[in-house]
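This report refers to the structure that appears directly beneath it.
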Amino acid sequence: MSKTTFTRRGVLRTGAVAGAGVALPTIFTASSAAAFTNEPTGNTVTLGFNVPQTGPYADEGADELRAYKLAVEHLNGEGDGGMMNTFSSKALQGNGILGKKVEFVTGDTQTKSDAARASARSMIEKDGAIMVTGGSSSGVAIAVQGLCQEAGVIFMAGLTHSNDTTGKDKKANGFRHFFNAYMSGAALAPVLAARYGEDRKAYHLTADYTWGWTQEESIVAATEALGWETVNTVKTPLSATDFSSYIAPVMNSGADVLVLNHYGGNMVNSLTNAVQFGLKNKSVNGKNFEIVVPLYSRLMARGAGENVKGILGSTNWHWSLTDAGSKAFVKSFGEKYGFPPSQAAHTCYVQTLLYADAASRAGSFNPCAIGEALEGFEFDGLGNGKTLYRADDHQCFKDVLVVQGKENPQSEFDLLEVVEVTPAAQVTYPPDHPMFAGGSLGSCNPGS
Amino acid sequence: MDAIILQILNGLDKGSAYALIALGLTLIFGTLGVVNFAHGALFMIGAFCAVTFSKFLSISYTVIDETKTDFLGNPLKVDLTYVEAWFGQSVGGTILDWAVPLSILMAIPVMVIIGFIMERGLIKHFYARPHADQILVTFGLAIVLQEIIKYFYGANPIPTPAPDMFRGSFDFGALLGFDANTIIYPYWRLVYFLFAAVIISAVFAFLRFTTFGMVVRAGMADRETVGLLGIDIDKRFTLMFGIAAAVAGLAGVMYAPINSPNYHMGMDFLVLSFVVVVVGGMGSLPGAVLAGFLLGILESFASMNEVKSILPGIDQIIIYLVAIIILLTRPRGLMGRKGVMEE
Amino acid sequence: MLGLNKKDTGLLLIVAVLALFAPIIFNPFPSDSAMAQFNAGYPDLMQRFVIFGIFAIGYNILFGLTGYLSFGHAAFLGVGSYAAVWMFKLLSMNILPAIALSIVIAGVFAALIGYVSLRRSGIYFAILTLAFAQMSYNLAYSVLTPITNGETGLQLSLDDPRILDGAPESVGSLPYPTLLGFEMSDTYVMAAGGWQFQFSVGYYVCAVVLLLAFYLSIRIFRSPFGMMLRAVKSNQQRLNYTGVNARPYTLAAFVISGMYAGLAGGLMASMDPLAGADRMQWTASGEVVLMTILGGAGTLIGPVLGAGFIKYFENIFSKINDTILHQWFAIMPDGIEDVLVALVHPFVGKGWHLTLGILFMLVVIFLPGGLVEGGQRIAGLFRRRKTDNDGDGDTGSSTSKDPAE
């Protein structure tokens, strides 16, 4: 590297910078010229879709992305409009949001908090995203929610089931449509008691991290309230791939129900292993041994193949629902992609519509205005019946589906059947419920 | 007592997978002196041989069934497999049912060829390079291989069930004279253990009793001298790489029914199998097998409730803890040779 | 200058200029052009370049000089960031005490692990460090959740004591990490024509720390201590025969590189106050090994290049989706456009791992000395062309053999 060129280039560059600096007004984003972070000034508005594209949840992420693309199409007035036709609020016109065409950027969370935050920050700092949404695990959702709070943009959570997302880690800028572990317990327990009786002994295998614990706590509380006894709760490492050594002790523990508080790959493997050990055909205490998977993911359940048959669990939404909203969504998704959407796709699609609708009703993209429009918002026609976005914790309250692995599936998508729709009232809890205590929303942050 | 026997069985089973992968790693390392980070990927490809073979067998034609409807309300398309159409319901069904064991037939040539290509095309050029470079290039290869699999098969696990007669479990305790229903063990896991034992013995016998094996062992001990004797050691080493790849692949094929294969299963096993190899001692085949079973059994014991209640979280770290203790008390692992990979 | 020879001073100056003007250099494309996708000049990514650069520089002091391949350095980075976040929670949002504590804690942690692991060498050492790091990761993810907040990662919360800061200005919103009254997230955006340059306080703090870290690493490389470490790498046995005990030197190198990792972790938490267990996983340790080797192990600037290379791919290529591809190729006729998109599609977006894997292999196969060697070859080509005219073709190749450039 010769010295002369180095200096000359340096001078050129400084010259350009100085000239530009004189010519143009400058902004300190901290001491505002814009009213809020990334206020859209042109005729477009950018949304950030932050989903896992690599790692074990990549397929779930891909499905979320499909739903987002569909939602953007519908918002911009392309396609058949999907759930916009059945949505109880009619603020959306099919002309983008507030007349601005919707554009989007995508990123890879890798299902790691760090990578997810890096990706979300690049959307906010580089691409000017006004809202970030997506994700397939609670750790990521909570991490990105915290980031959006700091940066002053809205976070519309994707698939996150831990109580903490709208419990101790809730944030004013974050909103969750998906249900949570408490709701799974409240919805599932009565069905379990009705099917399997009230004097059951349950053995829990729980993924050893925050989500697993909140789910175990919720299910244990809900089932014990109905008379079940909890024989043991055993934590399994997240990295475990072979659960045989955790399942073997179940057989001689006297338990007659096995609850698998696992998700994704853990769930596929633990369920497969449990069936291999013959737990499904076993009888204990004169009763048939039962396995329960409290949080079902249809995409993942496919990995367990035939093993899911007859196994009860809960889910946020399923494509076989027959209300007008679900049918409209399944139709436009299915016609575009050739297969039915997953619950992750559904929640992401709905979150995008809800955000757009709130902005339209508020008449602004200001996160605080949108937050206000979403708080306490009651709506219908988005697939889960009448739904409330509760102001106290930004959690949606709606019906929860109890599902069962289908005995005679007709296609590779036809894995689950809905056995009960638990009404919202039954899964509603007070905002200060001990499982959700410890955090506060804080005040909304519009950023700069 | 029955709990302990159960955990020993579980440990032998986990240990079989560790031992098979570690055996292949050690073969490659011992003969070629190459640290192969793509070995986990070979295991994964093995499992996907099973997946591919089942898919291949179930290639089907589509019939429209007017009586049923799909999720959009159109007439349902029903897929019927050619195998069943050609051989009839019963024979065809049996072939489909036995897809996993049958796919061994496909996996062996495929894996050997992949091994050949890897060695001739890539690894060969890295014999003289530092171990760090070997690690980097094989790690890059591992990523490429698993991304290719992901591109074709997606990220979700794919169910690959064992033949019907090996599904479910049987009362192993009754065989040993325990009370009925105390030691129940799945058939397929026992098959896996026996299979691993056969493969391991075959590799050892091959190295021990054939001229080829003798030359390779001599080459492992002193490559230069063997070369001076006019023996084309290179060709044999290429074959050894193929064999090591086949061992990893077969371990993967038979593992598919235990846990549904996904594209990153190789990475999950990679670190553990390296720990196994090193604990066993670099370059020692018996060491690799011994360490595989030892760590498998210890891991199973650590996950027992009685142990976990005394030491919470022990099952999270047991393998690493044991590795540290063994490496600190025995400088070159259980059976390692002096001077191998110590610089 | 500053006790450096001419060449090192030049190198330091180049790095300083690069660091100073990074917001401009990394933003070559106007923000509304189709190529803006490749811009890297936004605060988060530049901070990551610099922070991982520091991490890799530190790692290189151990691996590049002594040849000890540690597979557990991410643990020190993780411990550092936990320490920093705890300081933010308990003491003050000022980043200085946080970073100081993260260096100290990481140093102590490194001393403990190093003392045990350095009893072995070669692959046995690598596996020992890997084992310690994986144990830390697994425990941080599960059993140690009261300290680490497990899966979610340690974050600030409204009811943290922060005893030095007193009552927050606005109730209900979280404070930001600060230095001398500047918030790390403050950004000065300069619009120049179609370009938008972002000058972030946090980035410049990182950049200054990088220069200090880089300067220190040059001094270590050129010191008698550095010579001793090189001697360990080339022949430890001979060193032992001459009556020198290498262990204190390697341990010192291990602890120094651990403290660099802690510094990187502390900075990372200062830029973005969150500390997650993922940072300690073996893949993260592997990443720093890759950065160092990819850039050029044992060279001064190599690790920084390697860090930049990997982080660029992770953050830029993963964000390219089909819509963007269609925009790029929009000028082509429809059929060709679809073919091109289909061809590129597997390598970007969700396929960025594939591209990275292929590039790893290409670099290792064709550039054994890493990216630095690539640069030298290109420089050598030019130099040779020039010197060929003078009739002296030897200078180009002799400089490229210099082990520390």
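In the structure tokens, chains take the letters A, B, ... in the order shown, each chain's residues start at 1, and ligands count up from 1 in the order shown.
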
>> Taking only C-alpha atoms into account, find every residue of chain B that has an atom no more than 9 Å from chain C, and write it out as a PyMOL selection string.
In response: chain B and resi 122+125-126+129+132-134+136-148+151+271+274-275+278-279+281-282+312-313+316-321+323-324+327-328+331-333+340-343

Residues as selected, N, CA and C atoms, written as a tab-separated table (two decimals), in the first residue's frame, can you do that?
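As a result, result27.tsv now contains:
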```tsv
chain	number	residue	atom	x	y	z
B	122	LEU	N	-10.65	-34.37	-1.90
B	122	LEU	CA	-10.41	-33.27	-0.96
B	122	LEU	C	-9.35	-33.61	0.07
B	125	HIS	N	-5.45	-33.86	-0.38
B	125	HIS	CA	-4.62	-32.66	-0.48
B	125	HIS	C	-4.30	-32.07	0.88
B	126	PHE	N	-4.83	-32.66	1.92
B	126	PHE	CA	-4.67	-32.05	3.24
B	126	PHE	C	-3.80	-32.89	4.18
B	129	ARG	N	-1.09	-30.78	5.48
B	129	ARG	CA	-1.48	-29.49	6.06
B	129	ARG	C	-1.69	-29.62	7.55
B	132	ALA	N	-5.36	-27.88	12.03
B	132	ALA	CA	-6.36	-26.80	12.06
B	132	ALA	C	-7.00	-26.63	10.68
B	133	ASP	N	-6.18	-26.71	9.62
B	133	ASP	CA	-6.73	-26.59	8.26
B	133	ASP	C	-7.65	-27.76	7.95
B	134	GLN	N	-7.25	-28.95	8.37
B	134	GLN	CA	-8.10	-30.13	8.13
B	134	GLN	C	-9.45	-29.94	8.80
B	136	LEU	N	-10.93	-27.16	9.58
B	136	LEU	CA	-11.70	-26.12	8.92
B	136	LEU	C	-12.33	-26.63	7.62
B	137	VAL	N	-11.52	-27.34	6.83
B	137	VAL	CA	-12.06	-27.74	5.52
B	137	VAL	C	-13.11	-28.82	5.69
B	138	THR	N	-12.91	-29.74	6.63
B	138	THR	CA	-13.94	-30.77	6.80
B	138	THR	C	-15.18	-30.19	7.47
B	139	PHE	N	-14.97	-29.19	8.32
B	139	PHE	CA	-16.13	-28.52	8.92
B	139	PHE	C	-16.94	-27.82	7.84
B	140	GLY	N	-16.23	-27.16	6.92
B	140	GLY	CA	-16.92	-26.53	5.79
B	140	GLY	C	-17.69	-27.57	4.99
B	141	LEU	N	-17.05	-28.70	4.76
B	141	LEU	CA	-17.70	-29.77	4.01
B	141	LEU	C	-18.95	-30.26	4.74
B	142	ALA	N	-18.82	-30.40	6.08
B	142	ALA	CA	-19.96	-30.86	6.86
B	142	ALA	C	-21.14	-29.91	6.68
B	143	ILE	N	-20.86	-28.60	6.73
B	143	ILE	CA	-21.94	-27.63	6.57
B	143	ILE	C	-22.57	-27.78	5.19
B	144	VAL	N	-21.71	-27.91	4.17
B	144	VAL	CA	-22.23	-28.03	2.81
B	144	VAL	C	-23.11	-29.27	2.68
B	145	LEU	N	-22.62	-30.41	3.21
B	145	LEU	CA	-23.39	-31.65	3.10
B	145	LEU	C	-24.73	-31.51	3.80
B	146	GLN	N	-24.72	-30.94	5.00
B	146	GLN	CA	-26.00	-30.90	5.71
B	146	GLN	C	-26.95	-29.88	5.08
B	147	GLU	N	-26.41	-28.82	4.49
B	147	GLU	CA	-27.29	-27.87	3.82
B	147	GLU	C	-27.90	-28.49	2.56
B	148	ILE	N	-27.12	-29.34	1.89
B	148	ILE	CA	-27.68	-30.01	0.72
B	148	ILE	C	-28.85	-30.90	1.15
B	151	TYR	N	-31.78	-28.84	1.91
B	151	TYR	CA	-32.43	-28.29	0.73
B	151	TYR	C	-33.45	-29.29	0.16
B	271	VAL	N	-19.63	-33.51	18.25
B	271	VAL	CA	-18.82	-33.10	19.40
B	271	VAL	C	-18.68	-34.27	20.36
B	274	PHE	N	-16.24	-36.81	19.15
B	274	PHE	CA	-14.85	-36.38	19.33
B	274	PHE	C	-14.40	-36.56	20.76
B	275	VAL	N	-15.29	-36.21	21.68
B	275	VAL	CA	-14.94	-36.43	23.08
B	275	VAL	C	-14.67	-37.91	23.30
B	278	VAL	N	-11.25	-38.92	21.90
B	278	VAL	CA	-10.12	-38.42	22.67
B	278	VAL	C	-10.03	-39.12	24.02
B	279	VAL	N	-11.20	-39.34	24.64
B	279	VAL	CA	-11.18	-40.06	25.91
B	279	VAL	C	-10.61	-41.46	25.71
B	281	GLY	N	-8.47	-42.25	23.59
B	281	GLY	CA	-7.05	-42.13	23.23
B	281	GLY	C	-6.92	-42.03	21.73
B	282	MET	N	-6.28	-40.96	21.25
B	282	MET	CA	-6.18	-40.76	19.81
B	282	MET	C	-5.48	-41.94	19.16
B	312	PRO	N	-28.08	-32.04	41.07
B	312	PRO	CA	-28.98	-31.54	40.02
B	312	PRO	C	-28.18	-31.10	38.79
B	313	GLY	N	-28.69	-31.43	37.65
B	313	GLY	CA	-28.03	-30.99	36.42
B	313	GLY	C	-26.85	-31.84	36.01
B	316	GLN	N	-26.55	-33.03	32.47
B	316	GLN	CA	-26.19	-32.05	31.45
B	316	GLN	C	-24.69	-32.08	31.16
B	317	ILE	N	-23.89	-32.46	32.15
B	317	ILE	CA	-22.45	-32.25	32.01
B	317	ILE	C	-21.64	-33.51	32.15
B	318	ILE	N	-22.31	-34.64	32.43
B	318	ILE	CA	-21.57	-35.82	32.85
B	318	ILE	C	-20.47	-36.20	31.85
B	319	ILE	N	-20.80	-36.18	30.55
B	319	ILE	CA	-19.82	-36.62	29.55
B	319	ILE	C	-18.58	-35.75	29.62
B	320	TYR	N	-18.79	-34.46	29.72
B	320	TYR	CA	-17.65	-33.54	29.72
B	320	TYR	C	-16.86	-33.68	31.01
B	321	LEU	N	-17.59	-33.86	32.11
B	321	LEU	CA	-16.92	-34.02	33.39
B	321	LEU	C	-16.03	-35.27	33.37
B	323	ALA	N	-14.84	-36.72	30.77
B	323	ALA	CA	-13.73	-36.49	29.85
B	323	ALA	C	-12.61	-35.74	30.55
B	324	ILE	N	-12.96	-34.72	31.31
B	324	ILE	CA	-11.93	-33.93	31.99
B	324	ILE	C	-11.19	-34.81	33.00
B	327	LEU	N	-8.92	-37.31	31.19
B	327	LEU	CA	-7.76	-36.70	30.54
B	327	LEU	C	-6.77	-36.16	31.56
B	328	LEU	N	-7.24	-35.80	32.74
B	328	LEU	CA	-6.29	-35.31	33.75
B	328	LEU	C	-5.57	-36.46	34.45
B	331	PRO	N	-3.01	-39.09	30.78
B	331	PRO	CA	-2.65	-38.02	29.84
B	331	PRO	C	-3.08	-38.27	28.41
B	332	ARG	N	-3.08	-39.51	27.96
B	332	ARG	CA	-3.42	-39.76	26.57
B	332	ARG	C	-4.71	-40.57	26.46
B	333	GLY	N	-5.64	-40.25	27.31
B	333	GLY	CA	-6.90	-40.95	27.27
B	333	GLY	C	-6.74	-42.38	27.77
B	340	VAL	N	0.85	-38.87	19.73
B	340	VAL	CA	-0.13	-38.68	18.66
B	340	VAL	C	-0.97	-37.45	18.96
B	341	MET	N	-0.97	-36.51	18.06
B	341	MET	CA	-1.80	-35.31	18.18
B	341	MET	C	-1.52	-34.55	19.47
B	342	GLU	N	-0.27	-34.55	19.90
B	342	GLU	CA	0.00	-33.80	21.12
B	342	GLU	C	0.63	-32.44	20.81
B	343	GLU	N	0.98	-32.24	19.52
B	343	GLU	CA	1.54	-30.91	19.23
B	343	GLU	C	0.40	-29.98	18.81
```

> Hey, what's within 6 Å of stretch 135-148 of chain A if we count only C-alpha atoms and toss same-chain stuff fewer than 5 positions away? As a list in words, please?
Replying inline: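 The residues that qualify are Val51, Ser113, Arg117, Val153, Phe155, Gly158, Leu159, Thr160, Ser162, Thr165 and Gly174 of chain A; Glu151 and Thr152 of chain C.
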
>> Residues of stretch 48-278 of chain C classed as alpha helix (DSSP H) by DSSP on the backbone are to be reported as a PyMOL selection string.
In response: chain C and resi 48-66+74-90+95-117+122-141+145-148+201-222+224-234+236-241+247-271

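Set the cut-off at 7 Å, count only C-alpha atoms, and the residues of chain C near chain A turn out to be Tyr42, Asp44, Tyr141, Ser142, Gly150, Glu151, Thr152, Gly172, Ser173, Asp186, Thr187, Tyr188, Val189, Met190, Ala191, Ala192, Gly276, Asp278, Asn315, Ser318, Lys319, Asn321 and Lys350 of chain C.
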
Proximity check chain A to chain B, 8 Å, nearest pairs one decimal Å, only C-alpha atoms, as CSV:
```
residue,atom,partner,partner_atom,distance
A:Gly55,CA,B:Ala155,CA,7.2
A:Pro56,CA,B:Ala155,CA,5.8
A:Tyr57,CA,B:Ala155,CA,6.8
A:Ala58,CA,B:Ala155,CA,5.7
A:Asp59,CA,B:Ala155,CA,5.5
A:Val234,CA,B:Asn305,CA,7.3
A:Pro237,CA,B:Gln316,CA,5.8
A:Ser239,CA,B:Asp268,CA,7.9
A:Thr241,CA,B:Asn259,CA,7.6
A:Asp242,CA,B:Asn259,CA,7.3
A:Ser244,CA,B:Asn10,CA,6.3
A:Ser245,CA,B:Ser300,CA,5.3
A:Tyr246,CA,B:Ser303,CA,6.4
A:Ala248,CA,B:Leu6,CA,6.8
A:Pro249,CA,B:Ala3,CA,6.7
A:Met251,CA,B:Thr182,CA,7.6
A:Asn252,CA,B:Thr182,CA,6.6
A:Gly265,CA,B:Pro157,CA,7.2
A:Val268,CA,B:Ser260,CA,7.6
A:Asn269,CA,B:Asn259,CA,5.6
A:Thr272,CA,B:Asn259,CA,6.9
A:Asn273,CA,B:Ile258,CA,7.1
A:Val275,CA,B:Gly168,CA,7.0
A:Gln276,CA,B:Gly168,CA,5.0
A:Phe277,CA,B:Pro186,CA,5.2
A:Gly278,CA,B:Gly168,CA,5.2
A:Leu299,CA,B:Asn156,CA,7.6
A:Met300,CA,B:Asn156,CA,6.4
A:Arg302,CA,B:Ile158,CA,7.3
A:Gly303,CA,B:Pro157,CA,4.7
A:Ala304,CA,B:Pro159,CA,5.7
A:Gly305,CA,B:Pro159,CA,5.2
A:Ser320,CA,B:Phe71,CA,7.4
A:Val330,CA,B:Leu72,CA,7.5
A:Lys331,CA,B:Leu72,CA,6.3
A:Gly334,CA,B:Leu72,CA,7.1
A:Pro340,CA,B:Phe71,CA,7.1
A:Ser411,CA,B:Asp70,CA,7.9
```

>> Give me, as a ChimeraX atom specification, all polymer residues having an atom no more than 10 Å from B:Leu102, counting only C-alpha atoms and skipping those fewer than 3 positions away in the same chain.
In response: /B:50,53-54,95-99,105-107,253

> Which neighbours of A:Leu374 fall inside 12 Å, counting only C-alpha atoms, when residues of the same chain fewer than 3 positions from it are skipped, and could you give them as number ranges by chain?
Replying inline: A: 89, 154, 156, 172-177, 351, 353-362, 367-371, 377-379, 387-396

> Taking into account only C-alpha atoms, which residue in the set A:Tyr203, A:Thr352, A:Pro40, A:Pro190 is nearest to A:Val72?
Replying inline: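 Of all the options, A:Thr352 lies closest to A:Val72.
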
> Looking at B:Thr67, B:Val191, B:Ile59, B:Arg208, which one is nearest to B:Tyr82, with distances taken over only C-alpha atoms?
Replying inline: B:Ile59

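Residues in contact with A:Asn76 at 12 Å, where only C-alpha atoms are counted and same-chain residues fewer than 5 positions away are skipped, are listed as Thr44, Val45, Lys69, Leu70, Ala71, Gly81, Gly82, Met84, Leu92, Gln93, Gly94, Asn95, Gly96, Ile97, Leu98, Gly99, Lys100, Lys101, Val102, Glu103, Phe104, Leu353 and Ala356 of chain A.
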